[in-house]
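Everything below concerns the one structure shown next.
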Amino acid sequence: MSLKIQTPPPHGGKLVDAVIRDEGKAISMAAGAPAYDIKPTRSIIDGNPIRNIYREIMSIAYGFFSPLDRFMSRNEVENVLKERRLLDGWLFPFPIIFDISEEDLRKLGVKEGDRVLLRLKGQPFAVLDIDEVWRFDPRDIADRTFGTPERNPEVVKRRFDEKHPGWLIYRSMTGLALAGRVYVINEPVFKDPYNRFWYPPAKSREEIRNRGWRTVIAHQTRNVPHTGHEHLMKNAAYMGDIEPCHGILVNAIIGAKRLGDFVDEAILEGHEAVNKYGYISPRRHMVTMTLWDMRYGNPLESLLHGIIRQNMGCTHHMFGRDHAAVGDYYDPYSTQILWEKGIPSFGLPAPPYDVDKGLKIRPVNIKEFWYCPKCGEIAYSDTCGHVDVAQRFSGSFIRGLIAEGIEPPPIIFRPEVYRVIVKWWRIYNYPFVNKKYLELKERELEVDLKPMEVSSRR
């Protein structure tokens with residue numbers, strides 16, 4: 001018999017809502033504040049845009065990162081790096097830093113206690129109330145964020161370097177930061193296709209209630225789905241104490257990604273095609289997104305994913321092999337290690353749901369699906385006796401086929417999903433993230449902003 005499970009509360013007990021919807025109040029909040037035009041973080045290696053802090057502002061203000069409601073101070077970053085906890089004790093895996101150049105800070109002429117108007121695409125967007133101006137060593141922050149083999153031997157296999165996109169984001173920061181609360185004062189309007197998938201936590205929870213889902217399992221994605229992902233979703237929803245799970249919430253990470261990943265539009269519409277064409281019933285499947293320039297942090301990223309999806313109203317989260325990882329920096333099952341017994345060197349002596357001020361969302365840890373040529377079907381882990389001939393789903397192999405213009409066979413890729421890739425291939429003249437796409441994405445972003453007249457100091 002299935003256990004009766006209720007939607008967990010937001011992480012920290014209450015959703016952050018820092019979006020000012022009253023225009024008069026918004027204009028009043030921004031009046032007289034010096035204006036700063038948000039700039040991307042660019043790679044110190046090749047100059048590519050690898051992060052836009054507007055996405056972090058959106059995820060803070062709309063409650064995805066609850067209970068975090070601000071950019072972190074020096075002490076809070078230290079606490080996160082040492083214990084993976086905010087200063088109030090709640091679990092949180094990554095430093096969230098508003099970095100700024102020395103030149104821009106000098107031009108702004110601000111100090112602690114001042115307010116800054118943040119502009120995006122030339123329009124007022126948000127305000128930041130400065131609690132602290134502080135300095136840091138980007139390399140030190142990068143190393144301590146992801147861990148080292150010496151400090152974190154349970155899961156870290158080799159030192160991180162500039163080939164790791166998350167390490168590179170922190171390494172490419174300026175070394176000067178503004179800490180303080182942030183508020184969105186001019187709600188962005190999402191472009192197509194992003195507008196169809198924007199379910200911030202309050203809206204997601206409302207949708208889950210309207211659908212009557214008591215149990216909801218989250219599927220993290222940064223990929224267009226192949227049938228291995230589809231089997232992961234279908235089978236994870238029947239595992240553990242959720243037989244069956246009422247809903248599957250796909251949550252795509254939207255933002256700057258590493259070269260060679262699928263473009264964001266294809267990721268969203270590819271997952272949409274899975275239920276649109278009946279491979280998973282749309283009654284049990286919902287595609288959403290989170291704005292975040294992914295850190296590819298494997299167990300630490302999984303902790304952030306748990307926070308985000310608990311805030312969105314999920315009861316469970318599926319975790320597979322090499323969750324949110326690139327390269328061989330981490331043990332491929334380090335996420336399962338975290339969620340099964342904890343990682344003491346990261347400040348978690350027990351699983352995230354079994355520590356004080358931890359998470360309520362529960363894991364469903366999964367090994368992997370593969371194609372068995374003898375059975376002629378998809379198999380899970382060692383459930384059939386032909387592991388010696390297992391043909392594993394390789395994202396690199398599938399991307400290689402697609403890059404050559406070869407449609408993968410239906411046993412590993414749904415034709416309707418492939419057509420989504422082709423659609424965006426025609427638009428961008430390439431099916432994957434490249435330098436041209438990163439620059440275009442940075443210029444266009446996922447949103448537009450309406451004009452807002454605000455008197456500010458330039």
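Chain labels run A, B, ... following the order of the structure tokens; each chain numbers its residues from 1, and ligands are numbered from 1 in the order shown.
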What are the DSSP strand (DSSP E) residues of region 89-304 of chain A, as a PyMOL selection string?
-> chain A and resi 98-99+115-120+123-129+132-135+176-184+189-190+216-221+247-254+285-291
Would you list the contacts of region 117-127 of chain A as a count of residues only, taking every protein, DNA or RNA residue within 7 Å and counting only C-alpha atoms, but skipping same-chain residues closer than 4 positions in sequence?
-> 15
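If you measure from each of A:Arg115, A:Arg419, A:Lys360, A:Lys107 to Gly32 (chain A) using only C-alpha atoms, the closest one turns out to be A:Arg115.
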Could you pull out all residues of region 141-341 of chain A with a DSSP call of helix (DSSP H, G or I) and give them as a PyMOL selection string?
-> chain A and resi 141-146+165-171+194-197+201-211+227-236+264-276+298-312+334-341
Name all residues at most 9 Å from Arg70 (chain A) (count only C-alpha atoms; drop same-chain ones fewer than 2 positions away) and give them as a list in words.
->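 In the requested form, the answer reads Ile57, Ile60, Ala61, Leu68, Met72, Ser73, Ile96, Leu128, Ala179, Gly180, Arg181, Val182 and Tyr183 of chain A.
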Residue selection dump (C-alpha atoms) as a PDB file, in the first residue's frame:
ATOM      1  CA  ILE A  57      18.002  37.510  -9.160  1.00  0.00           C
ATOM      2  CA  ILE A  60      15.876  34.472  -5.521  1.00  0.00           C
ATOM      3  CA  ALA A  61      12.946  36.863  -5.984  1.00  0.00           C
ATOM      4  CA  LEU A  68      17.622  32.653   0.499  1.00  0.00           C
ATOM      5  CA  MET A  72      25.466  36.504   0.296  1.00  0.00           C
ATOM      6  CA  SER A  73      27.819  38.343   2.631  1.00  0.00           C
ATOM      7  CA  ILE A  96      25.363  33.113  -4.459  1.00  0.00           C
ATOM      8  CA  LEU A 128      19.738  45.755  -4.444  1.00  0.00           C
ATOM      9  CA  ALA A 179      25.790  41.645  -0.444  1.00  0.00           C
ATOM     10  CA  GLY A 180      22.175  42.394   0.412  1.00  0.00           C
ATOM     11  CA  ARG A 181      18.504  41.848  -0.304  1.00  0.00           C
ATOM     12  CA  VAL A 182      17.267  42.076  -3.855  1.00  0.00           C
ATOM     13  CA  TYR A 183      13.795  42.869  -5.247  1.00  0.00           C
TER      14      TYR A 183
END
Could you give me, as a Markdown table, every region 263-363 of chain A residue with an atom at most 10 Å from region 209-220 of chain A, plus its closest atom pair and distance in Å to one decimal, counting only C-alpha atoms, rows ordered by chain then number?
| residue | atom | partner | partner_atom | distance |
| --- | --- | --- | --- | --- |
| A:Arg283 | CA | A:Arg211 | CA | 8.1 |
| A:Arg284 | CA | A:Trp213 | CA | 8.6 |
| A:His285 | CA | A:Val216 | CA | 9.5 |
| A:Met286 | CA | A:Ala218 | CA | 9.7 |
| A:Val287 | CA | A:His219 | CA | 9.4 |
| A:Met289 | CA | A:Gln220 | CA | 9.5 |
| A:Ser302 | CA | A:Gln220 | CA | 8.8 |
| A:His305 | CA | A:Gln220 | CA | 7.4 |
| A:Gly306 | CA | A:Ala218 | CA | 8.7 |
| A:Ile308 | CA | A:Ala218 | CA | 9.8 |
| A:Arg309 | CA | A:Ala218 | CA | 6.5 |
| A:Gln310 | CA | A:Ala218 | CA | 8.9 |
| A:Met312 | CA | A:Ala218 | CA | 9.4 |
| A:Gly313 | CA | A:Val216 | CA | 7.5 |
| A:Cys314 | CA | A:Val216 | CA | 4.8 |
| A:Thr315 | CA | A:Val216 | CA | 5.3 |
| A:His316 | CA | A:Ile217 | CA | 4.5 |
| A:His317 | CA | A:Ala218 | CA | 4.6 |
| A:Met318 | CA | A:His219 | CA | 6.0 |
| A:Phe319 | CA | A:His219 | CA | 8.0 |
| A:Gly320 | CA | A:Gln220 | CA | 9.7 |
| A:His323 | CA | A:Gln220 | CA | 8.6 |
| A:Ala324 | CA | A:Gln220 | CA | 8.2 |
| A:Ile361 | CA | A:Ile217 | CA | 9.2 |
| A:Arg362 | CA | A:Ile217 | CA | 9.1 |
| A:Pro363 | CA | A:Ile217 | CA | 9.0 |
Could you dump the residues just selected with C-alpha atoms as a PDB file, in the first residue's frame?
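Saved as selection20.pdb:
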ATOM      1  CA  ARG A 283      -2.188  14.041 -17.012  1.00  0.00           C
ATOM      2  CA  ARG A 284       0.899  12.875 -15.130  1.00  0.00           C
ATOM      3  CA  HIS A 285       3.641  14.928 -16.768  1.00  0.00           C
ATOM      4  CA  MET A 286       4.409  18.650 -16.530  1.00  0.00           C
ATOM      5  CA  VAL A 287       7.356  20.538 -18.069  1.00  0.00           C
ATOM      6  CA  MET A 289      12.015  25.518 -16.009  1.00  0.00           C
ATOM      7  CA  SER A 302      21.617  17.783  -6.500  1.00  0.00           C
ATOM      8  CA  HIS A 305      17.891  20.747  -7.143  1.00  0.00           C
ATOM      9  CA  GLY A 306      16.256  19.281  -4.061  1.00  0.00           C
ATOM     10  CA  ILE A 308      14.289  24.116  -5.883  1.00  0.00           C
ATOM     11  CA  ARG A 309      11.922  21.193  -6.447  1.00  0.00           C
ATOM     12  CA  GLN A 310      10.774  21.076  -2.817  1.00  0.00           C
ATOM     13  CA  MET A 312       8.029  23.963  -6.306  1.00  0.00           C
ATOM     14  CA  GLY A 313       5.940  21.413  -4.391  1.00  0.00           C
ATOM     15  CA  CYS A 314       7.584  18.074  -5.236  1.00  0.00           C
ATOM     16  CA  THR A 315       7.572  15.248  -2.705  1.00  0.00           C
ATOM     17  CA  HIS A 316      10.308  13.186  -4.355  1.00  0.00           C
ATOM     18  CA  HIS A 317      13.310  13.635  -6.637  1.00  0.00           C
ATOM     19  CA  MET A 318      14.884  11.080  -8.959  1.00  0.00           C
ATOM     20  CA  PHE A 319      18.674  10.911  -9.027  1.00  0.00           C
ATOM     21  CA  GLY A 320      20.595   8.918 -11.589  1.00  0.00           C
ATOM     22  CA  HIS A 323      23.678  13.534 -11.822  1.00  0.00           C
ATOM     23  CA  ALA A 324      24.372  17.072 -13.131  1.00  0.00           C
ATOM     24  CA  ILE A 361      11.867  16.090  -0.306  1.00  0.00           C
ATOM     25  CA  ARG A 362      12.820  12.399  -0.533  1.00  0.00           C
ATOM     26  CA  PRO A 363      15.184  10.785  -3.048  1.00  0.00           C
TER      27      PRO A 363
END
Which residues are close to Tyr430 (chain A), i.e. within 12 Å by only C-alpha atoms, leaving aside same-chain residues fewer than 6 positions away? Reply as an mmCIF file with C-alpha atoms, in the first residue's frame.
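Now in selection-v6.cif:
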data_model
loop_
_atom_site.group_PDB
_atom_site.id
_atom_site.type_symbol
_atom_site.label_atom_id
_atom_site.label_comp_id
_atom_site.auth_asym_id
_atom_site.auth_seq_id
_atom_site.Cartn_x
_atom_site.Cartn_y
_atom_site.Cartn_z
ATOM 1 C CA LEU A 259 29.672 24.124 -25.458
ATOM 2 C CA GLY A 260 28.079 21.020 -26.959
ATOM 3 C CA ASP A 261 24.973 20.883 -24.760
ATOM 4 C CA PHE A 262 21.576 21.141 -26.443
ATOM 5 C CA VAL A 263 20.100 24.610 -26.872
ATOM 6 C CA ALA A 266 15.035 22.365 -27.862
ATOM 7 C CA ARG A 399 24.876 14.044 -30.099
ATOM 8 C CA ILE A 402 22.733 14.227 -34.661
ATOM 9 C CA ALA A 403 25.710 16.417 -35.551
ATOM 10 C CA GLU A 404 26.250 14.198 -38.612
ATOM 11 C CA GLY A 405 22.628 14.634 -39.625
ATOM 12 C CA ILE A 421 15.967 19.422 -32.572
ATOM 13 C CA VAL A 422 15.776 19.919 -36.321
ATOM 14 C CA LYS A 423 13.410 22.872 -35.879
ATOM 15 C CA TRP A 424 15.881 24.743 -33.675
ATOM 16 C CA LYS A 436 27.587 32.133 -31.481
ATOM 17 C CA TYR A 437 24.587 30.801 -29.546
#
